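With mmCIF, C-alpha atoms and all ligand atoms inside, this is start19.cif:
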data_coords
loop_
_atom_site.label_atom_id
_atom_site.label_comp_id
_atom_site.auth_asym_id
_atom_site.auth_seq_id
_atom_site.Cartn_x
_atom_site.Cartn_y
_atom_site.Cartn_z
CA MET A 18 120.14 -1.29 15.82
CA ILE A 19 119.66 -1.95 19.55
CA LEU A 20 121.46 0.48 21.82
CA GLY A 21 122.70 -0.80 25.17
CA ASP A 22 121.01 -3.14 27.65
CA VAL A 23 117.48 -4.44 27.87
CA HIS A 24 115.80 -2.33 30.56
CA ASP A 25 113.02 -3.58 32.78
CA VAL A 26 110.80 -0.68 31.72
CA ILE A 27 110.98 2.07 29.12
CA VAL A 28 108.94 5.13 30.08
CA VAL A 29 108.10 7.28 27.05
CA GLY A 30 107.58 10.94 28.02
CA GLY A 31 109.12 12.92 30.86
CA GLY A 32 106.13 15.04 31.97
CA PRO A 33 104.55 14.55 35.44
CA ALA A 34 103.19 11.08 34.54
CA GLY A 35 106.52 9.83 33.18
CA SER A 36 108.64 11.20 36.02
CA ALA A 37 106.22 9.75 38.60
CA ALA A 38 106.28 6.34 36.87
CA ALA A 39 110.09 6.38 36.72
CA ILE A 40 110.39 7.33 40.40
CA GLY A 41 107.88 4.64 41.43
CA LEU A 42 109.72 1.99 39.39
CA ARG A 43 113.13 2.95 40.77
CA ARG A 44 111.78 2.78 44.32
CA ALA A 45 110.66 -0.79 43.50
CA GLY A 46 114.17 -1.63 42.23
CA ALA A 47 113.39 -1.80 38.47
CA SER A 48 115.81 -0.49 35.82
CA VAL A 49 114.21 2.39 33.90
CA LEU A 50 114.99 4.14 30.64
CA LEU A 51 113.13 7.46 30.37
CA LEU A 52 112.84 8.77 26.81
CA GLU A 53 111.85 12.44 26.43
CA ARG A 54 111.73 14.23 23.08
CA GLN A 55 112.34 17.73 24.45
CA GLU A 56 115.32 19.19 26.27
CA MET A 57 114.40 20.15 29.82
CA PRO A 58 113.52 22.72 31.04
CA ARG A 59 110.71 23.04 28.48
CA ASP A 60 107.38 24.83 28.41
CA LYS A 61 104.11 22.83 28.38
CA PRO A 62 100.90 24.81 27.75
CA CYS A 63 99.04 24.56 31.06
CA GLY A 64 97.26 26.71 33.65
CA ASP A 65 100.12 25.66 36.00
CA ILE A 66 97.76 25.14 38.95
CA LEU A 67 98.88 22.57 41.48
CA GLY A 68 95.75 21.86 43.52
CA THR A 69 95.60 20.22 46.94
CA GLN A 70 95.96 16.70 45.51
CA ALA A 71 98.81 17.60 43.17
CA LEU A 72 100.70 19.32 46.00
CA SER A 73 100.52 16.25 48.17
CA LEU A 74 101.56 14.01 45.23
CA VAL A 75 104.64 16.11 44.35
CA ALA A 76 105.65 15.88 48.03
CA GLU A 77 105.23 12.08 47.78
CA LEU A 78 107.59 12.12 44.77
CA GLY A 79 110.18 13.82 46.98
CA LEU A 80 109.93 17.45 45.80
CA ASP A 81 111.50 19.68 48.45
CA ARG A 82 108.84 22.04 49.85
CA ARG A 83 111.32 24.92 49.52
CA ALA A 84 111.19 24.55 45.72
CA LEU A 85 107.63 25.89 45.99
CA ASP A 86 108.55 28.93 48.13
CA PRO A 87 108.67 31.37 45.16
CA PHE A 88 105.04 30.45 44.38
CA PRO A 89 102.80 31.61 47.24
CA PRO A 90 99.56 29.73 48.04
CA LEU A 91 96.41 31.16 46.45
CA ARG A 92 94.38 33.09 48.99
CA GLY A 93 90.96 32.58 47.51
CA PHE A 94 88.70 32.20 44.52
CA ALA A 95 86.97 34.84 42.41
CA LEU A 96 84.07 33.81 40.21
CA HIS A 97 83.31 36.18 37.32
CA VAL A 98 80.07 35.39 35.50
CA ALA A 99 79.44 37.76 32.57
CA GLY A 100 76.84 40.36 33.45
CA ARG A 101 77.04 39.73 37.22
CA ARG A 102 79.17 41.15 40.02
CA PRO A 103 82.32 39.07 40.68
CA LYS A 104 82.06 36.88 43.76
CA VAL A 105 85.17 36.54 45.92
CA SER A 106 85.63 33.84 48.51
CA ARG A 107 88.72 33.57 50.76
CA GLU A 108 90.48 30.34 51.64
CA ARG A 109 91.34 29.90 55.34
CA ASP A 110 93.50 26.78 55.03
CA LEU A 111 96.53 28.23 53.21
CA ALA A 112 98.70 25.21 54.11
CA SER A 113 97.09 23.08 51.39
CA ALA A 114 95.89 25.89 49.09
CA PRO A 115 96.86 25.57 45.39
CA ARG A 116 100.00 27.18 44.00
CA VAL A 117 100.72 28.22 40.42
CA VAL A 118 104.06 26.73 39.38
CA PRO A 119 105.14 27.20 35.74
CA ARG A 120 105.52 23.79 34.10
CA LYS A 121 108.94 24.79 32.84
CA ILE A 122 110.04 24.73 36.49
CA LEU A 123 107.84 21.92 37.83
CA ASP A 124 108.56 19.34 35.10
CA ALA A 125 112.32 19.99 35.18
CA ALA A 126 112.29 19.48 38.97
CA LEU A 127 110.31 16.22 38.71
CA ILE A 128 112.48 14.75 35.94
CA ASP A 129 115.52 15.67 38.02
CA LEU A 130 114.05 13.65 40.91
CA ALA A 131 113.57 10.69 38.53
CA VAL A 132 117.21 10.89 37.40
CA ARG A 133 118.41 11.20 40.99
CA ALA A 134 116.33 8.10 41.82
CA GLY A 135 118.41 6.24 39.20
CA ALA A 136 116.34 6.43 36.00
CA GLU A 137 118.45 6.74 32.83
CA LEU A 138 117.25 9.76 30.85
CA ARG A 139 117.80 9.99 27.09
CA HIS A 140 116.77 12.74 24.74
CA ALA A 141 114.85 10.88 21.99
CA ARG A 142 111.60 11.30 20.11
CA VAL A 143 110.03 7.85 19.90
CA ASP A 144 108.45 7.28 16.47
CA GLN A 145 107.12 3.76 16.92
CA VAL A 146 106.75 1.10 19.60
CA LEU A 147 106.65 -2.63 18.79
CA GLN A 148 106.04 -5.73 20.86
CA HIS A 149 107.92 -8.86 19.79
CA GLY A 150 106.89 -11.73 22.07
CA GLU A 151 108.00 -10.69 25.56
CA THR A 152 110.12 -7.76 24.37
CA ILE A 153 109.22 -4.14 23.73
CA VAL A 154 111.20 -2.18 21.13
CA THR A 155 111.01 1.60 20.85
CA ARG A 156 112.20 3.19 17.60
CA SER A 157 113.63 6.69 17.31
CA ARG A 158 116.09 8.48 15.02
CA SER A 159 118.84 7.94 17.57
CA GLY A 160 118.26 4.16 17.56
CA ASP A 161 116.16 1.36 19.03
CA HIS A 162 115.80 0.49 22.71
CA GLU A 163 114.53 -2.72 24.30
CA SER A 164 112.66 -3.45 27.51
CA ARG A 165 110.33 -5.95 29.12
CA LEU A 166 107.51 -3.43 29.62
CA VAL A 167 106.66 0.06 28.40
CA ILE A 168 104.72 2.88 30.06
CA GLY A 169 103.28 5.45 27.66
CA ALA A 170 103.40 8.78 29.50
CA ASP A 171 103.73 10.77 26.30
CA GLY A 172 100.66 12.95 26.66
CA TRP A 173 98.13 14.01 24.05
CA GLY A 174 98.54 12.03 20.78
CA SER A 175 100.66 9.37 22.55
CA VAL A 176 102.84 7.32 20.19
CA VAL A 177 102.63 4.35 22.60
CA ALA A 178 98.82 4.43 22.40
CA ARG A 179 98.92 4.75 18.59
CA SER A 180 101.42 1.88 18.23
CA LEU A 181 100.09 -0.68 20.71
CA PHE A 182 96.45 0.15 21.51
CA GLU A 183 93.55 -0.18 19.12
CA GLU A 184 91.35 2.40 20.85
CA ARG A 185 91.59 6.12 20.28
CA HIS A 186 90.42 8.78 22.71
CA ALA A 187 86.67 8.56 22.13
CA GLY A 188 85.62 11.02 24.82
CA GLN A 189 85.17 14.75 24.97
CA THR A 190 88.09 16.87 23.77
CA GLY A 191 88.89 20.37 24.92
CA LEU A 192 91.10 23.05 23.41
CA ALA A 193 92.77 25.78 25.43
CA GLY A 194 94.92 28.84 24.78
CA ARG A 195 97.40 30.00 27.42
CA ALA A 196 99.67 33.03 27.88
CA TYR A 197 101.77 34.61 30.62
CA VAL A 198 101.10 38.13 31.90
CA HIS A 199 103.50 40.44 33.70
CA ASP A 200 101.87 43.35 35.48
CA PRO A 201 104.04 45.62 37.62
CA ARG A 202 100.86 46.74 39.41
CA GLY A 203 100.54 43.24 40.87
CA PHE A 204 97.89 40.59 41.52
CA GLU A 205 95.92 39.77 44.65
CA GLY A 206 96.64 36.04 44.87
CA LEU A 207 93.11 35.06 43.83
CA MET A 208 92.36 32.21 41.43
CA ARG A 209 90.04 33.98 38.99
CA VAL A 210 87.68 32.10 36.70
CA PHE A 211 85.59 33.85 34.01
CA TYR A 212 82.42 32.26 32.63
CA SER A 213 80.40 33.59 29.71
CA GLU A 214 77.76 32.26 27.32
CA GLU A 215 80.46 31.98 24.62
CA THR A 216 82.84 29.79 26.66
CA ARG A 217 80.55 27.68 28.88
CA PRO A 218 81.07 24.98 30.02
CA GLY A 219 84.68 26.11 29.39
CA TYR A 220 86.06 29.25 30.99
CA GLY A 221 88.71 31.96 30.98
CA TRP A 222 91.24 32.16 33.81
CA LEU A 223 93.80 34.28 35.60
CA PHE A 224 96.02 32.29 37.97
CA PRO A 225 98.66 34.39 39.79
CA ILE A 226 102.12 32.80 39.89
CA ASP A 227 103.49 35.45 42.25
CA ARG A 228 102.70 39.12 42.92
CA THR A 229 103.51 40.33 39.42
CA HIS A 230 103.21 37.30 37.10
CA ALA A 231 100.14 35.30 36.15
CA ASN A 232 99.06 32.52 33.85
CA VAL A 233 95.99 33.45 31.77
CA GLY A 234 93.96 31.52 29.23
CA VAL A 235 90.68 30.32 27.77
CA GLY A 236 89.49 26.73 27.42
CA VAL A 237 86.50 25.48 25.39
CA LEU A 238 85.14 22.16 24.22
CA ARG A 239 86.60 21.00 20.91
CA SER A 240 83.20 21.44 19.26
CA ASP A 241 83.70 25.20 19.87
CA GLY A 242 87.39 24.99 18.94
CA HIS A 243 86.90 27.06 15.76
CA ALA A 244 85.85 29.96 18.02
CA LEU A 245 88.88 29.68 20.35
CA PRO A 246 91.29 32.01 18.48
CA ALA A 247 88.73 34.85 18.49
CA LEU A 248 87.72 34.21 22.12
CA PHE A 249 91.37 34.15 23.19
CA ARG A 250 92.13 37.42 21.31
CA HIS A 251 89.06 39.03 22.86
CA PHE A 252 90.15 37.86 26.33
CA LEU A 253 93.72 39.19 25.92
CA GLU A 254 93.11 42.40 23.94
CA ASP A 255 89.52 43.60 23.82
CA PRO A 256 88.83 46.64 26.05
CA GLY A 257 85.56 44.91 27.05
CA SER A 258 87.40 41.83 28.30
CA PRO A 259 87.06 41.11 32.04
CA LEU A 260 90.79 40.31 32.09
CA LEU A 261 91.86 43.71 30.75
CA ASN A 262 89.81 45.40 33.47
CA LEU A 263 92.13 43.78 36.01
CA LEU A 264 95.43 44.70 34.33
CA GLY A 265 97.32 47.98 34.60
CA ASP A 266 98.69 50.01 31.67
CA GLY A 267 102.19 48.54 32.06
CA ALA A 268 101.02 44.94 31.69
CA SER A 269 102.63 42.77 29.00
CA VAL A 270 101.52 39.43 27.56
CA ASP A 271 103.73 36.73 26.02
CA SER A 272 104.20 32.97 25.38
CA GLU A 273 100.77 32.37 23.81
CA ARG A 274 100.20 28.71 22.96
CA THR A 275 97.24 26.41 22.28
CA TRP A 276 96.96 22.72 23.22
CA PRO A 277 94.25 19.97 23.26
CA LEU A 278 92.93 18.13 26.34
CA ALA A 279 91.43 14.60 26.47
CA LEU A 280 88.62 15.20 28.97
CA GLY A 281 86.84 12.80 31.30
CA TRP A 282 86.66 9.08 31.87
CA THR A 283 86.35 6.97 28.69
CA ALA A 284 86.05 3.22 28.32
CA ARG A 285 89.39 2.98 26.47
CA ARG A 286 91.97 0.39 27.56
CA ARG A 287 94.97 1.55 29.57
CA ALA A 288 96.77 -1.82 29.63
CA ALA A 289 97.45 -3.96 26.55
CA GLY A 290 100.07 -6.65 26.03
CA ARG A 291 103.18 -5.40 27.83
CA ALA A 292 102.17 -1.72 27.73
CA LEU A 293 100.45 0.68 30.16
CA LEU A 294 99.25 4.25 29.54
CA ALA A 295 99.38 6.99 32.18
CA GLY A 296 98.40 10.67 32.43
CA ASP A 297 97.07 12.46 29.34
CA ALA A 298 98.02 9.45 27.19
CA ALA A 299 95.36 7.56 29.19
CA SER A 300 92.74 10.39 28.88
CA LEU A 301 92.44 11.41 32.53
CA VAL A 302 91.88 15.20 32.50
CA GLY A 303 89.05 16.63 34.64
CA PRO A 304 86.21 17.78 32.33
CA LEU A 305 85.09 20.55 34.69
CA THR A 306 88.46 22.03 35.65
CA GLY A 307 90.79 20.89 32.84
CA ALA A 308 93.20 19.79 35.59
CA GLY A 309 95.31 16.72 34.91
CA ILE A 310 98.66 17.05 36.71
CA HIS A 311 97.36 15.19 39.78
CA SER A 312 95.89 12.40 37.61
CA ALA A 313 99.14 12.18 35.65
CA ILE A 314 101.24 11.71 38.81
CA ARG A 315 98.76 9.36 40.47
CA SER A 316 98.35 7.17 37.37
CA GLY A 317 102.14 7.19 36.82
CA LEU A 318 102.62 5.84 40.36
CA MET A 319 99.82 3.29 39.90
CA ALA A 320 101.33 2.09 36.60
CA ALA A 321 104.73 1.76 38.28
CA ARG A 322 103.22 -0.38 41.04
CA SER A 323 101.56 -2.76 38.57
CA ALA A 324 104.64 -2.90 36.33
CA ALA A 325 106.87 -3.70 39.33
CA ALA A 326 104.50 -6.49 40.40
CA ALA A 327 104.53 -7.89 36.84
CA LEU A 328 108.35 -7.83 36.73
CA ALA A 329 108.51 -9.69 40.06
CA ALA A 330 106.14 -12.43 38.82
CA PRO A 331 106.73 -12.87 35.06
CA ALA A 332 104.28 -15.77 34.85
CA SER A 333 101.44 -13.43 35.96
CA THR A 334 102.31 -10.36 33.86
CA ALA A 335 98.84 -10.11 32.33
CA PHE A 336 97.18 -10.36 35.74
CA HIS A 337 99.31 -7.59 37.27
CA LEU A 338 98.95 -5.25 34.29
CA ALA A 339 95.18 -5.81 34.27
CA ALA A 340 95.17 -4.73 37.94
CA TYR A 341 96.22 -1.28 36.68
CA GLU A 342 93.02 -1.06 34.61
CA ARG A 343 90.98 -1.87 37.70
CA ASP A 344 92.93 0.61 39.89
CA CYS A 345 92.34 3.36 37.30
CA ALA A 346 88.63 2.58 37.02
CA ARG A 347 88.22 2.50 40.80
CA TRP A 348 89.97 5.83 41.41
CA PHE A 349 89.31 7.96 38.32
CA ARG A 350 85.91 6.87 37.00
CA PRO A 351 83.79 8.20 39.91
CA ARG A 352 85.79 11.43 40.20
CA LEU A 353 85.89 12.24 36.48
CA GLY A 354 82.24 11.13 36.23
CA LEU A 355 81.20 13.63 38.93
CA GLU A 356 83.07 16.45 37.17
CA ARG A 357 81.36 15.53 33.90
CA LEU A 358 77.97 15.70 35.59
CA ILE A 359 78.64 19.21 36.92
CA GLN A 360 80.07 20.21 33.53
CA ARG A 361 76.81 19.08 31.89
CA GLY A 362 74.86 21.25 34.34
CA LEU A 363 77.03 24.26 33.44
CA ALA A 364 76.46 23.64 29.73
CA ALA A 365 72.68 23.93 30.24
CA PRO A 366 71.08 27.36 29.60
CA ALA A 367 70.41 27.93 33.32
CA GLY A 368 73.88 26.62 34.29
CA LEU A 369 75.69 29.91 34.81
CA GLY A 370 72.83 31.38 36.86
CA ALA A 371 72.82 28.28 39.06
CA LEU A 372 76.59 28.47 39.54
CA SER A 373 76.38 32.11 40.52
CA ALA A 374 73.55 31.40 42.95
CA LEU A 375 75.55 28.57 44.50
CA PHE A 376 78.42 30.92 45.27
CA THR A 377 76.21 33.64 46.70
CA ALA A 378 73.91 31.46 48.83
CA SER A 379 75.89 32.00 52.06
CA PRO A 380 79.49 32.89 52.97
CA ARG A 381 79.82 29.51 54.74
CA LEU A 382 78.76 27.61 51.64
CA ASP A 383 80.99 29.51 49.24
CA ALA A 384 83.99 28.86 51.50
CA LEU A 385 83.08 25.18 51.25
CA TRP A 386 82.78 25.34 47.41
CA THR A 387 86.14 27.06 47.21
CA HIS A 388 87.75 24.41 49.38
CA LEU A 389 86.22 21.64 47.25
CA LEU A 390 87.26 23.35 44.02
CA PHE A 391 90.84 23.69 45.24
CA SER A 392 90.93 19.95 45.94
CA LEU A 393 89.81 19.00 42.40
CA GLY A 394 93.33 19.45 41.04
C1 LIG B 401 96.01 25.07 28.33
C2 LIG B 401 95.97 23.98 29.37
C3 LIG B 401 95.82 24.33 30.69
C4 LIG B 401 95.87 23.33 31.69
N1 LIG B 401 95.84 23.72 32.99
C5 LIG B 401 96.03 22.81 33.97
C6 LIG B 401 96.16 23.21 35.33
O1 LIG B 401 96.15 24.40 35.66
N2 LIG B 401 96.34 22.26 36.27
C7 LIG B 401 96.40 20.92 35.95
O2 LIG B 401 96.52 20.08 36.85
N3 LIG B 401 96.32 20.53 34.65
C8 LIG B 401 96.16 21.42 33.66
N4 LIG B 401 96.12 21.02 32.36
C9 LIG B 401 96.30 19.58 32.05
C10 LIG B 401 97.77 19.18 32.21
O3 LIG B 401 98.58 20.07 31.47
C11 LIG B 401 97.99 17.74 31.75
O4 LIG B 401 96.99 16.91 32.30
C12 LIG B 401 99.36 17.23 32.17
O5 LIG B 401 100.38 17.92 31.48
C13 LIG B 401 99.50 15.73 31.90
O6 LIG B 401 100.80 15.30 32.17
P1 LIG B 401 101.44 14.09 31.34
O7 LIG B 401 102.76 13.81 31.97
O8 LIG B 401 100.46 13.00 31.19
O9 LIG B 401 101.65 14.67 29.86
P2 LIG B 401 102.54 15.90 29.37
O10 LIG B 401 102.68 16.90 30.42
O11 LIG B 401 101.96 16.30 28.06
O12 LIG B 401 103.97 15.25 29.13
C14 LIG B 401 104.21 14.37 28.07
C15 LIG B 401 105.70 14.37 27.78
O13 LIG B 401 105.96 13.39 26.77
C16 LIG B 401 106.87 13.92 25.82
N5 LIG B 401 106.63 13.19 24.56
C17 LIG B 401 105.52 13.26 23.79
N6 LIG B 401 105.66 12.45 22.71
C18 LIG B 401 106.88 11.88 22.83
C19 LIG B 401 107.60 10.96 22.00
N7 LIG B 401 107.07 10.50 20.86
N8 LIG B 401 108.83 10.57 22.40
C20 LIG B 401 109.39 11.04 23.55
N9 LIG B 401 108.74 11.94 24.36
C21 LIG B 401 107.51 12.33 24.00
C22 LIG B 401 106.52 15.40 25.74
O14 LIG B 401 107.60 16.16 25.24
C23 LIG B 401 106.18 15.71 27.21
O15 LIG B 401 107.32 16.15 27.92
C24 LIG B 401 96.02 21.97 31.33
C25 LIG B 401 96.13 21.61 29.99
C26 LIG B 401 96.11 22.61 29.00
C27 LIG B 401 96.28 22.21 27.56
#

The structure given in the file should be rewritten as structure tokens.
Ligand SMILES: Cc1cc2nc3c(=O)[nH]c(=O)nc-3n(C[C@H](O)[C@H](O)[C@H](O)COP(=O)(O)OP(=O)(O)OC[C@H]3O[C@@H](n4cnc5c(N)ncnc54)[C@H](O)[C@@H]3O)c2cc1C
Amino acid sequence: MILGDVHDVIVVGGGPAGSAAAIGLRRAGASVLLLERQEMPRDKPCGDILGTQALSLVAELGLDRRALDPFPPLRGFALHVAGRRPKVSRERDLASAPRVVPRKILDAALIDLAVRAGAELRHARVDQVLQHGETIVTRSRSGDHESRLVIGADGWGSVVARSLFEERHAGQTGLAGRAYVHDPRGFEGLMRVFYSEETRPGYGWLFPIDRTHANVGVGVLRSDGHALPALFRHFLEDPGSPLLNLLGDGASVDSERTWPLALGWTARRRAAGRALLAGDAASLVGPLTGAGIHSAIRSGLMAARSAAAALAAPASTAFHLAAYERDCARWFRPRLGLERLIQRGLAAPAGLGALSALFTASPRLDALWTHLLFSLG
């Protein structure tokens, strides 16, 4: 059963990648059907950090700056390496400093921008995607939909990737647990990162959303995934945990969830037939930071540009979609590659000592590291 018209593009998934793709396509004049399996607003396990790049990209999508007012800019970075004194470095440029915006709020705001740009949003969980000649068909319980092109922005375990791409994510995988903390005593507005022998090259975090709420969590490589539940419990509950030392007696913890991350650049395809993959579906999460919102938005916009060019010149569809592969490789490969290199250094036995030394070499240098770190997301 085919429901309704044939759209130019179906975007599967209404996270940051899908909303960005839909907005980009509408700006280029294409008709867009956005299929999202969850009702918005919905939670997505995340550290909720919008770094310097992500902040500028959400502005490019049209997000009103005032929507970010409840989430003050982070005022600095605190590095906690087990067994050493915490190192605090202040950020001077608060205008572009990261903010911690719960995904429940951010993703609902971005999908709203996509709808206001003219994308048609339907609540549907896509079970399968088929390509018949020059037509794409998406299948879900509520019916089939047709389009000329499809963008898979459906995150980890993407059904578009499983249906239309032979490759699987062959790179490094991470696993992270996240919770929210409310502490009436309040937080200092510092992005806190906790490294220990058990988590490296992954880390624990405390990212303050506002004065009294924070996002906390622990991320490890998948190879250490079996240890995550115990590490997460230790981080949240053990009196010896560096997190508990920072919380007052009245603090409460809720909304614990765990989620995988496809880390780093891999040689997988991101364009095949009449399909493109963006965001986590395309494996674009930073292996050092675990940040992927900026990559999701950027790749969503890049995919929209290539899809719009393909729609305008149907005889050269393959050429324009292949341009997306090249754009992705040009932008993401060097950046994700650099993060992977630093991550490898941290995984080495002397890694944590070197990191600590880097941040204590001179106040000028650690301000520079902090600035660079803030711009990785
Ligand atoms: C614990 C954790 C902490 C993180 N912290 C940060 C951080 O602080 N900063 C940062 O930048 N990044 C962070 N990341 C990474 C970031 O969350 C992702 O990179 C980002 O969500 C990718 O966006 P996306 O739009 O590609 O995918 P998603 O945000 O996963 O969105 C995919 C959407 O597709 C929908 N969908 C899935 N399947 C279907 C289907 N079959 N049919 C219809 N809809 C479907 C989903 O419901 C979802 O809404 C973190 C990740 C984890 C797991």

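Of note, atom CA of A:Ala187 and atom CA of A:Phe211 are spaced 28.0 Å apart.
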
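The coordinates place atom CA of A:Gly221 at 14.6 Å from atom CA of A:Trp276.
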
Note to self: To one decimal place in Å, what is the distance between atom CA of A:Ala292 and atom CA of A:Ile168?
What the structure shows: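 For atom CA of A:Ala292 relative to atom CA of A:Ile168, the distance reads 5.8 Å.
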
Notebook entry, point to check: Within 6 Å of stretch 124-133 of chain A, counting all atoms listed in the file, which residues qualify if same-chain residues fewer than 5 places away don't, as a PyMOL selection string?
Noted result: chain A and resi 32+36+39-40+57-58

Just write the chosen residues, C-alpha atoms, as an mmCIF file, in the coordinates of the input.
data_model
loop_
_atom_site.group_PDB
_atom_site.id
_atom_site.type_symbol
_atom_site.label_atom_id
_atom_site.label_comp_id
_atom_site.auth_asym_id
_atom_site.auth_seq_id
_atom_site.Cartn_x
_atom_site.Cartn_y
_atom_site.Cartn_z
ATOM 1 C CA GLY A 32 106.130 15.040 31.970
ATOM 2 C CA SER A 36 108.640 11.200 36.020
ATOM 3 C CA ALA A 39 110.090 6.380 36.720
ATOM 4 C CA ILE A 40 110.390 7.330 40.400
ATOM 5 C CA MET A 57 114.400 20.150 29.820
ATOM 6 C CA PRO A 58 113.520 22.720 31.040
#

Stretch 343-352 of chain A environment, 12 Å, all atoms listed in the file, sequence neighbours closer than 3 positions dropped, as a PDB file with C-alpha atoms, in the coordinates of the input:
ATOM      1  CA  LEU A 280      88.620  15.200  28.970  1.00  0.00           C
ATOM      2  CA  GLY A 281      86.840  12.800  31.300  1.00  0.00           C
ATOM      3  CA  TRP A 282      86.660   9.080  31.870  1.00  0.00           C
ATOM      4  CA  THR A 283      86.350   6.970  28.690  1.00  0.00           C
ATOM      5  CA  ALA A 284      86.050   3.220  28.320  1.00  0.00           C
ATOM      6  CA  ARG A 285      89.390   2.980  26.470  1.00  0.00           C
ATOM      7  CA  ARG A 286      91.970   0.390  27.560  1.00  0.00           C
ATOM      8  CA  ARG A 287      94.970   1.550  29.570  1.00  0.00           C
ATOM      9  CA  ALA A 288      96.770  -1.820  29.630  1.00  0.00           C
ATOM     10  CA  LEU A 293     100.450   0.680  30.160  1.00  0.00           C
ATOM     11  CA  LEU A 294      99.250   4.250  29.540  1.00  0.00           C
ATOM     12  CA  ALA A 295      99.380   6.990  32.180  1.00  0.00           C
ATOM     13  CA  GLY A 296      98.400  10.670  32.430  1.00  0.00           C
ATOM     14  CA  ALA A 299      95.360   7.560  29.190  1.00  0.00           C
ATOM     15  CA  SER A 300      92.740  10.390  28.880  1.00  0.00           C
ATOM     16  CA  LEU A 301      92.440  11.410  32.530  1.00  0.00           C
ATOM     17  CA  VAL A 302      91.880  15.200  32.500  1.00  0.00           C
ATOM     18  CA  GLY A 303      89.050  16.630  34.640  1.00  0.00           C
ATOM     19  CA  PRO A 304      86.210  17.780  32.330  1.00  0.00           C
ATOM     20  CA  LEU A 305      85.090  20.550  34.690  1.00  0.00           C
ATOM     21  CA  THR A 306      88.460  22.030  35.650  1.00  0.00           C
ATOM     22  CA  GLY A 309      95.310  16.720  34.910  1.00  0.00           C
ATOM     23  CA  HIS A 311      97.360  15.190  39.780  1.00  0.00           C
ATOM     24  CA  SER A 312      95.890  12.400  37.610  1.00  0.00           C
ATOM     25  CA  ALA A 313      99.140  12.180  35.650  1.00  0.00           C
ATOM     26  CA  ARG A 315      98.760   9.360  40.470  1.00  0.00           C
ATOM     27  CA  SER A 316      98.350   7.170  37.370  1.00  0.00           C
ATOM     28  CA  GLY A 317     102.140   7.190  36.820  1.00  0.00           C
ATOM     29  CA  LEU A 318     102.620   5.840  40.360  1.00  0.00           C
ATOM     30  CA  MET A 319      99.820   3.290  39.900  1.00  0.00           C
ATOM     31  CA  ALA A 320     101.330   2.090  36.600  1.00  0.00           C
ATOM     32  CA  ALA A 321     104.730   1.760  38.280  1.00  0.00           C
ATOM     33  CA  ARG A 322     103.220  -0.380  41.040  1.00  0.00           C
ATOM     34  CA  SER A 323     101.560  -2.760  38.570  1.00  0.00           C
ATOM     35  CA  PHE A 336      97.180 -10.360  35.740  1.00  0.00           C
ATOM     36  CA  HIS A 337      99.310  -7.590  37.270  1.00  0.00           C
ATOM     37  CA  LEU A 338      98.950  -5.250  34.290  1.00  0.00           C
ATOM     38  CA  ALA A 339      95.180  -5.810  34.270  1.00  0.00           C
ATOM     39  CA  ALA A 340      95.170  -4.730  37.940  1.00  0.00           C
ATOM     40  CA  LEU A 355      81.200  13.630  38.930  1.00  0.00           C
ATOM     41  CA  GLU A 356      83.070  16.450  37.170  1.00  0.00           C
ATOM     42  CA  ARG A 357      81.360  15.530  33.900  1.00  0.00           C
ATOM     43  CA  LEU A 358      77.970  15.700  35.590  1.00  0.00           C
ATOM     44  CA  ILE A 359      78.640  19.210  36.920  1.00  0.00           C
ATOM     45  CA  SER A 392      90.930  19.950  45.940  1.00  0.00           C
ATOM     46  CA  LEU A 393      89.810  19.000  42.400  1.00  0.00           C
ATOM     47  CA  GLY A 394      93.330  19.450  41.040  1.00  0.00           C
TER      48      GLY A 394
END

Next item on the list: Return as a ChimeraX atom specification the residues of protein, DNA or RNA that approach ligand LIG 401 (chain B) to within 7 Å, with all atoms listed in the file taken into account.
Entry: /A:29-35,52-55,61-68,141-144,170-173,175-176,192-195,234,236,275-278,295-298,302,307-311,313,394
